[in-house]
$ cat start.tsv   # TSV, C-alpha atoms and all ligand atoms
chain	number	residue	atom	x	y	z
L	1	MET	CA	108.21	88.03	104.28
L	2	LYS	CA	111.38	86.15	103.45
L	3	ILE	CA	114.40	86.85	105.65
L	4	ILE	CA	117.87	85.94	104.43
L	5	ILE	CA	120.63	86.33	107.02
L	6	VAL	CA	124.14	86.60	105.63
L	7	ASP	CA	127.60	86.70	107.21
L	8	SER	CA	128.97	89.97	105.86
L	9	TYR	CA	128.25	93.26	104.13
L	10	GLU	CA	129.86	91.83	101.02
L	11	GLU	CA	127.59	88.79	101.04
L	12	MET	CA	124.56	91.04	101.58
L	13	SER	CA	125.59	93.13	98.56
L	14	ILE	CA	126.14	90.11	96.33
L	15	LYS	CA	122.82	88.53	97.33
L	16	ALA	CA	120.91	91.79	96.81
L	17	ALA	CA	122.52	92.35	93.42
L	18	SER	CA	121.61	88.82	92.35
L	19	ILE	CA	117.96	89.42	93.29
L	20	VAL	CA	117.88	92.66	91.28
L	21	GLN	CA	119.67	90.99	88.41
L	22	ARG	CA	117.20	88.10	88.32
L	23	GLN	CA	114.32	90.57	88.20
L	24	LEU	CA	115.96	92.47	85.34
L	25	ASN	CA	116.66	89.31	83.41
L	26	ILE	CA	113.00	88.29	83.70
L	27	LYS	CA	111.74	91.79	82.86
L	28	PRO	CA	114.33	94.02	81.19
L	29	ASP	CA	111.95	97.02	81.19
L	30	CYS	CA	111.45	96.60	84.91
L	31	VAL	CA	110.69	99.69	87.01
L	32	LEU	CA	113.28	99.75	89.77
L	33	GLY	CA	112.94	101.83	92.92
L	34	CYS	CA	116.40	102.90	94.09
L	35	ALA	CA	117.65	103.72	97.56
L	36	THR	CA	120.70	105.69	98.66
L	37	GLY	CA	122.80	105.66	101.85
L	38	HIS	CA	125.73	103.46	102.77
L	39	THR	CA	123.74	100.21	102.82
L	40	PRO	CA	123.10	99.66	99.08
L	41	LEU	CA	126.51	100.95	97.89
L	42	GLY	CA	128.01	97.46	97.71
L	43	MET	CA	124.95	96.20	95.83
L	44	TYR	CA	125.37	98.92	93.20
L	45	LYS	CA	129.06	97.95	92.87
L	46	GLU	CA	128.06	94.33	92.31
L	47	LEU	CA	125.47	95.35	89.70
L	48	ILE	CA	128.13	97.39	87.88
L	49	LYS	CA	130.43	94.36	87.88
L	50	ALA	CA	127.61	92.18	86.53
L	51	TYR	CA	126.95	94.79	83.81
L	52	ARG	CA	130.63	94.73	82.81
L	53	ARG	CA	130.48	90.94	82.62
L	54	LYS	CA	127.44	91.43	80.33
L	55	GLU	CA	125.21	89.53	82.74
L	56	VAL	CA	122.71	92.34	83.07
L	57	ASP	CA	121.52	95.20	80.91
L	58	PHE	CA	119.88	98.46	82.00
L	59	GLU	CA	118.94	99.91	78.66
L	60	GLN	CA	115.22	99.46	79.17
L	61	THR	CA	115.15	99.76	82.95
L	62	VAL	CA	113.20	102.64	84.47
L	63	PHE	CA	114.54	104.07	87.74
L	64	PHE	CA	112.72	106.01	90.43
L	65	ASN	CA	114.68	107.25	93.39
L	66	LEU	CA	113.10	107.10	96.81
L	67	ASP	CA	114.01	110.55	98.00
L	68	GLU	CA	116.06	113.74	97.76
L	69	TYR	CA	116.96	116.51	100.15
L	70	CYS	CA	115.25	119.86	99.69
L	71	ASN	CA	117.28	122.85	98.56
L	72	ILE	CA	120.39	120.97	97.63
L	73	ASP	CA	121.85	121.31	94.18
L	74	PRO	CA	122.01	118.07	92.13
L	75	LYS	CA	125.73	118.77	91.65
L	76	ASN	CA	126.28	118.89	95.39
L	77	LYS	CA	128.14	115.72	96.44
L	78	GLN	CA	125.68	115.11	99.26
L	79	SER	CA	122.66	115.18	96.94
L	80	TYR	CA	121.06	111.91	96.02
L	81	HIS	CA	121.26	112.93	92.35
L	82	TYR	CA	125.02	112.97	92.73
L	83	TYR	CA	125.04	109.72	94.71
L	84	MET	CA	123.06	107.82	92.09
L	85	ASN	CA	125.01	109.21	89.14
L	86	HIS	CA	128.38	108.79	90.77
L	87	ASN	CA	127.80	105.35	92.32
L	88	PHE	CA	125.67	103.74	89.67
L	89	PHE	CA	124.13	105.44	86.63
L	90	ALA	CA	127.42	106.72	85.19
L	91	HIS	CA	128.80	103.17	85.13
L	92	VAL	CA	125.98	101.34	83.38
L	93	ASN	CA	123.84	101.88	80.29
L	94	ALA	CA	120.89	103.50	82.10
L	95	LYS	CA	119.11	105.91	79.78
L	96	ARG	CA	118.76	109.50	80.99
L	97	ASP	CA	115.11	109.57	79.99
L	98	ASN	CA	114.43	106.56	82.16
L	99	ILE	CA	115.87	108.08	85.34
L	100	PHE	CA	113.48	109.85	87.71
L	101	ILE	CA	114.79	111.57	90.83
L	102	LEU	CA	112.80	114.08	92.86
L	103	ASN	CA	114.01	117.63	92.28
L	104	GLY	CA	114.99	119.11	95.63
L	105	MET	CA	115.50	122.47	93.91
L	106	ALA	CA	111.98	122.59	92.45
L	107	LYS	CA	110.30	125.98	92.74
L	108	ASP	CA	106.99	124.33	93.49
L	109	PHE	CA	107.36	121.27	95.73
L	110	ASP	CA	103.62	120.53	95.63
L	111	GLN	CA	103.77	120.26	91.87
L	112	GLU	CA	106.96	118.19	92.04
L	113	ILE	CA	105.53	115.56	94.39
L	114	LYS	CA	102.26	115.34	92.50
L	115	MET	CA	104.09	114.89	89.22
L	116	TYR	CA	106.32	112.14	90.71
L	117	ASP	CA	103.37	109.96	91.72
L	118	GLN	CA	101.85	110.50	88.28
L	119	GLN	CA	105.13	109.50	86.62
L	120	ILE	CA	105.36	106.30	88.70
L	121	LYS	CA	101.81	105.44	87.72
L	122	ALA	CA	102.41	106.25	84.05
L	123	LYS	CA	105.35	103.81	84.02
L	124	GLY	CA	103.12	101.05	85.38
L	125	GLY	CA	104.16	101.22	89.05
L	126	ILE	CA	107.35	100.02	90.71
L	127	ASP	CA	108.27	96.38	90.16
L	128	LEU	CA	111.08	96.12	92.66
L	129	GLN	CA	111.75	98.64	95.39
L	130	ILE	CA	115.15	98.56	97.08
L	131	LEU	CA	115.13	99.85	100.66
L	132	GLY	CA	117.61	100.67	103.38
L	133	ILE	CA	116.37	101.33	106.88
L	134	GLY	CA	117.14	104.21	109.21
L	135	GLU	CA	118.07	103.58	112.83
L	136	ASN	CA	114.72	105.15	113.71
L	137	GLY	CA	112.88	102.78	111.35
L	138	HIS	CA	112.43	105.17	108.46
L	139	ILE	CA	112.18	103.91	104.88
L	140	GLY	CA	112.89	106.56	102.31
L	141	PHE	CA	112.48	109.64	104.48
L	142	ASN	CA	109.21	108.47	105.99
L	143	GLU	CA	109.90	109.33	109.59
L	144	PRO	CA	108.30	107.63	112.63
L	145	GLY	CA	104.75	108.77	113.29
L	146	GLU	CA	103.84	109.64	109.72
L	147	SER	CA	100.71	108.09	108.28
L	148	PHE	CA	101.04	104.89	106.26
L	149	GLU	CA	98.67	106.49	103.76
L	150	THR	CA	101.02	109.06	102.24
L	151	GLY	CA	102.13	109.25	98.63
L	152	THR	CA	105.17	111.29	97.64
L	153	HIS	CA	105.45	114.25	100.00
L	154	ILE	CA	107.69	116.73	101.77
L	155	VAL	CA	109.02	115.88	105.24
L	156	GLN	CA	110.79	117.72	108.01
L	157	LEU	CA	113.65	115.46	109.03
L	158	GLN	CA	113.81	114.31	112.62
L	159	GLU	CA	116.74	115.08	114.87
L	160	SER	CA	117.86	111.42	114.85
L	161	THR	CA	117.97	111.36	111.04
L	162	ILE	CA	119.86	114.66	110.89
L	163	ASN	CA	122.36	113.33	113.46
L	164	SER	CA	122.76	110.05	111.62
L	165	ASN	CA	123.20	111.71	108.20
L	166	SER	CA	125.57	114.38	109.50
L	167	LYS	CA	128.43	111.92	108.94
L	168	TYR	CA	128.03	112.61	105.22
L	169	PHE	CA	128.18	116.43	105.62
L	170	PRO	CA	130.94	118.80	106.81
L	171	SER	CA	128.86	119.53	109.92
L	172	LYS	CA	125.45	118.84	111.39
L	173	GLU	CA	124.38	122.39	110.48
L	174	ASP	CA	124.92	121.54	106.81
L	175	VAL	CA	122.38	118.69	106.80
L	176	PRO	CA	119.17	119.83	105.10
L	177	THR	CA	116.20	119.83	107.46
L	178	ALA	CA	113.62	118.84	104.84
L	179	ALA	CA	113.36	116.31	102.07
L	180	LEU	CA	111.05	115.02	99.36
L	181	THR	CA	110.27	111.33	99.62
L	182	MET	CA	108.10	108.66	98.14
L	183	GLY	CA	105.50	107.91	100.81
L	184	THR	CA	104.94	104.65	102.62
L	185	LYS	CA	101.89	104.09	100.46
L	186	SER	CA	103.91	104.57	97.27
L	187	ILE	CA	106.56	102.15	98.59
L	188	ILE	CA	104.16	99.45	99.70
L	189	GLN	CA	102.50	99.47	96.27
L	190	ALA	CA	105.70	98.15	94.68
L	191	ARG	CA	105.24	94.55	93.50
L	192	MET	CA	108.33	93.42	95.37
L	193	LEU	CA	110.33	94.95	98.22
L	194	LEU	CA	113.99	94.26	98.88
L	195	LEU	CA	115.15	95.61	102.24
L	196	LEU	CA	118.81	95.54	103.22
L	197	ALA	CA	120.37	96.18	106.60
L	198	ASN	CA	123.81	95.78	108.07
L	199	GLY	CA	125.66	96.73	111.22
L	200	PRO	CA	124.84	96.31	114.92
L	201	GLU	CA	123.33	99.79	115.10
L	202	LYS	CA	120.43	98.48	112.99
L	203	ALA	CA	119.79	95.37	115.14
L	204	SER	CA	117.05	96.89	117.33
L	205	VAL	CA	115.15	98.43	114.47
L	206	VAL	CA	115.42	95.27	112.37
L	207	TYR	CA	113.90	93.39	115.31
L	208	GLU	CA	111.06	95.95	115.58
L	209	THR	CA	110.53	95.78	111.83
L	210	VAL	CA	110.12	92.04	111.56
L	211	LYS	CA	108.89	90.99	115.01
L	212	GLY	CA	107.29	94.14	116.41
L	213	LYS	CA	103.85	95.64	115.94
L	214	VAL	CA	103.01	97.11	112.55
L	215	THR	CA	102.92	100.77	113.46
L	216	PRO	CA	103.71	104.14	111.89
L	217	GLN	CA	106.13	104.57	114.82
L	218	VAL	CA	108.33	102.07	112.97
L	219	PRO	CA	107.63	102.92	109.31
L	220	ALA	CA	109.54	99.86	108.03
L	221	SER	CA	107.20	97.54	109.98
L	222	ILE	CA	104.66	98.00	107.15
L	223	ILE	CA	106.66	95.48	105.15
L	224	GLN	CA	105.16	92.73	107.34
L	225	LEU	CA	101.95	93.32	105.38
L	226	HIS	CA	103.59	93.13	101.95
L	227	PRO	CA	102.99	89.85	100.07
L	228	ASN	CA	106.40	89.83	98.42
L	229	ALA	CA	109.06	91.31	100.68
L	230	VAL	CA	112.59	89.95	100.89
L	231	LEU	CA	115.00	91.09	103.60
L	232	VAL	CA	118.72	90.51	103.25
L	233	ILE	CA	120.23	91.15	106.65
L	234	GLU	CA	123.88	90.98	107.64
L	235	LYS	CA	124.25	88.93	110.84
L	236	SER	CA	125.10	91.73	113.26
L	237	ALA	CA	121.92	93.57	112.20
L	238	ALA	CA	120.01	90.31	112.64
L	239	ALA	CA	121.31	89.73	116.18
L	240	PHE	CA	117.88	90.04	117.84
L	241	ILE	CA	115.70	88.14	115.38
D	301	LIG	P1	122.35	104.06	105.62
D	301	LIG	O1	120.96	104.78	105.60
D	301	LIG	O2	122.29	103.04	104.52
D	301	LIG	O3	123.36	105.14	105.33
D	301	LIG	O4	122.50	103.43	106.95
D	301	LIG	C1	119.82	103.99	105.53
D	301	LIG	C2	118.58	104.86	105.53
D	301	LIG	O5	118.59	105.89	106.23
D	301	LIG	O6	117.62	104.51	104.84
$ encode --input "start.tsv" --output "structure tokens" --more "lines below"
Ligand code: PGA
Amino acid sequence: MKIIIVDSYEEMSIKAASIVQRQLNIKPDCVLGCATGHTPLGMYKELIKAYRRKEVDFEQTVFFNLDEYCNIDPKNKQSYHYYMNHNFFAHVNAKRDNIFILNGMAKDFDQEIKMYDQQIKAKGGIDLQILGIGENGHIGFNEPGESFETGTHIVQLQESTINSNSKYFPSKEDVPTAALTMGTKSIIQARMLLLLANGPEKASVVYETVKGKVTPQVPASIIQLHPNAVLVIEKSAAAFI
């Protein structure tokens, strides 16, 4: 595990974008696992800037999103479909056919999650998985206590996640209570992991993730076992490590 501590959110975003960019320059048809939330927003902005400077090209890149809320329309501004389109895909030359995002409106969730794992496999697996981290240690929507052995699945969101994500919704009651997510097993199978964290509210969980016991109680702690994990941590989130 390589830990890079940086001074600011901006520096974290620039560093993360440069790691993604390097990967894409080495392998233009790279399979990229994408994360949502506030943390990677700056990184996506930097990647868009690099694209405009013609330093990176997404034409052959394949994208798999980590997760999506259940029962939320892709056009809804809080959906992760909207997030990815609005904050990234619409600004670069990503091909529609190469973008995979779990369908939170699927009639048959079992079929949807099964198909997603098959699609990841058919594309050769994820080369680089970008990750944020929840204050409770979740990666994707893999909540504390879930088995490390899960592939893509449906989860009931924990109270702490609903509270934390309510800032993005008109009220807490509007936050969906379930989501579809790539499982810890799907995530850990990626050839490289890139985990980002910023802000003092993440300091405890970052400590648990890198220095604590590897345990499903802190889903992100699994990255200690990954042979090629890079963490880019803004200094206030790195306060305890
Ligand atoms: P955040 O979410 O980037 O909005 O803090 C991170 C996460 O829950 O994975």
$ residues_near_ligand --input "start.tsv" --ligand "ligand LIG 301 (chain D)" --cutoff "6 Å" --atoms "only C-alpha atoms and all ligand atoms" --output "list in words"
Gly37, His38, Thr39, Gly132, Ile133, Gly134, Ile139 and Gly140 of chain L
$ closest_residue --input "start.tsv" --among "L:Ser147, L:Gly124, L:Leu32, L:Lys15" --to "Ile3 (chain L)" --atoms "only C-alpha atoms"
L:Lys15
$ closest_residue --input "start.tsv" --among "L:Phe169, L:Tyr69, L:Tyr51, L:Tyr207" --to "Ala106 (chain L)" --atoms "only C-alpha atoms"
L:Tyr69
$ residues_around --input "start.tsv" --residues "region 224-237 of chain L" --least-positions-apart "5" --cutoff "9 Å" --atoms "all atoms listed in the file" --output "PyMOL selection string"
chain L and resi 1-13+15-16+188-189+191-207+209-211+214
$ closest_atom_pairs --input "start.tsv" --of "region 89-143 of chain L" --to "region 157-161 of chain L" --cutoff "9 Å" --atoms "all atoms listed in the file" --output "tab-separated table"
residue	atom	partner	partner_atom	distance
L:Gly134	CA	L:Thr161	CA	7.4
L:Glu135	CA	L:Thr161	CA	8.0
L:Asn136	CA	L:Ser160	CA	7.1
L:His138	CA	L:Thr161	CA	8.7
L:Phe141	CA	L:Leu157	CA	7.5
L:Asn142	CA	L:Leu157	CA	8.8
L:Glu143	CA	L:Gln158	CA	7.0
$ write_last_selection --input "start.tsv" --atoms "C-alpha atoms" --output "PDB file, in the coordinates of the input"
ATOM      1  CA  GLY L 134     117.140 104.210 109.210  1.00  0.00           C
ATOM      2  CA  GLU L 135     118.070 103.580 112.830  1.00  0.00           C
ATOM      3  CA  ASN L 136     114.720 105.150 113.710  1.00  0.00           C
ATOM      4  CA  HIS L 138     112.430 105.170 108.460  1.00  0.00           C
ATOM      5  CA  PHE L 141     112.480 109.640 104.480  1.00  0.00           C
ATOM      6  CA  ASN L 142     109.210 108.470 105.990  1.00  0.00           C
ATOM      7  CA  GLU L 143     109.900 109.330 109.590  1.00  0.00           C
TER       8      GLU L 143
END
$ atom_distance --input "start.tsv" --atom1 "CA of Ile126 (chain L)" --atom2 "CA of Tyr44 (chain L)"
18.2 Å
$ closest_residue --input "start.tsv" --among "L:Asn163, L:Thr152, L:Gln217, L:Asn98" --to "Gln118 (chain L)" --atoms "all atoms listed in the file"
L:Thr152
$ residues_near_point --input "start.tsv" --point "(111.1, 114.3, 100.9)" --cutoff "6 Å" --atoms "only C-alpha atoms" --output "ChimeraX atom specification"
/L:67-68,153-155,179-181
$ closest_residue --input "start.tsv" --among "L:Phe148, L:Phe89, L:Phe240, L:Tyr82" --to "Met182 (chain L)" --atoms "only C-alpha atoms"
L:Phe148
$ closest_residue --input "start.tsv" --among "L:Val175, L:Leu102, L:Ile130, L:Ile223" --to "Gly33 (chain L)" --atoms "only C-alpha atoms"
L:Ile130
$ residues_around --input "start.tsv" --residues "Lys75 (chain L)" --least-positions-apart "4" --cutoff "12 Å" --atoms "only C-alpha atoms" --output "list in words"
Asn71, Ser79, Tyr80, His81, Tyr82, Tyr83, Met84, Asn85, His86, Asn103, Gly104 and Met105 of chain L
$ closest_residue --input "start.tsv" --among "L:Ile222, L:Cys70, L:Cys34, L:Gln21" --to "Glu149 (chain L)" --atoms "only C-alpha atoms"
L:Ile222
$ atom_distance --input "start.tsv" --atom1 "CA of Gln111 (chain L)" --atom2 "CA of Phe63 (chain L)"
19.9 Å
$ residues_around --input "start.tsv" --residues "Val92 (chain L)" --least-positions-apart "2" --cutoff "10 Å" --atoms "only C-alpha atoms" --output "PyMOL selection string"
chain L and resi 47-52+56-59+85+87-90+94-95
$ residues_around --input "start.tsv" --residues "Pro170 (chain L)" --least-positions-apart "5" --cutoff "12 Å" --atoms "only C-alpha atoms" --output "list in words"
Lys77, Gln78, Asn165, Val175 and Pro176 of chain L
$ write_last_selection --input "start.tsv" --atoms "C-alpha atoms" --output "PDB file, keeping the file's coordinate frame"
ATOM      1  CA  LYS L  77     128.140 115.720  96.440  1.00  0.00           C
ATOM      2  CA  GLN L  78     125.680 115.110  99.260  1.00  0.00           C
ATOM      3  CA  ASN L 165     123.200 111.710 108.200  1.00  0.00           C
ATOM      4  CA  VAL L 175     122.380 118.690 106.800  1.00  0.00           C
ATOM      5  CA  PRO L 176     119.170 119.830 105.100  1.00  0.00           C
TER       6      PRO L 176
END
$ axis_aligned_box --input "start.tsv" --around "region 147-150 of chain L" --padding-each-side "3 Å" --output "lines of an AutoDock Vina configuration file"
center_x = 99.9
center_y = 107.0
center_z = 105.3
size_x = 8.4
size_y = 10.2
size_z = 12.0
$ residues_around --input "start.tsv" --residues "Val62 (chain L)" --least-positions-apart "5" --cutoff "8 Å" --atoms "only C-alpha atoms" --output "list in words"
Asp29, Cys30, Val31, Leu32, Asn98, Ile99, Phe100 and Lys123 of chain L
$ write_last_selection --input "start.tsv" --atoms "C-alpha atoms" --output "short mmCIF file (atom, residue, chain, number, x, y, z; two decimals), keeping the file's coordinate frame"
data_model
loop_
_atom_site.label_atom_id
_atom_site.label_comp_id
_atom_site.auth_asym_id
_atom_site.auth_seq_id
_atom_site.Cartn_x
_atom_site.Cartn_y
_atom_site.Cartn_z
CA ASP L 29 111.95 97.02 81.19
CA CYS L 30 111.45 96.60 84.91
CA VAL L 31 110.69 99.69 87.01
CA LEU L 32 113.28 99.75 89.77
CA ASN L 98 114.43 106.56 82.16
CA ILE L 99 115.87 108.08 85.34
CA PHE L 100 113.48 109.85 87.71
CA LYS L 123 105.35 103.81 84.02
#
$ atom_distance --input "start.tsv" --atom1 "CA of Ile241 (chain L)" --atom2 "CA of Lys213 (chain L)"
14.0 Å
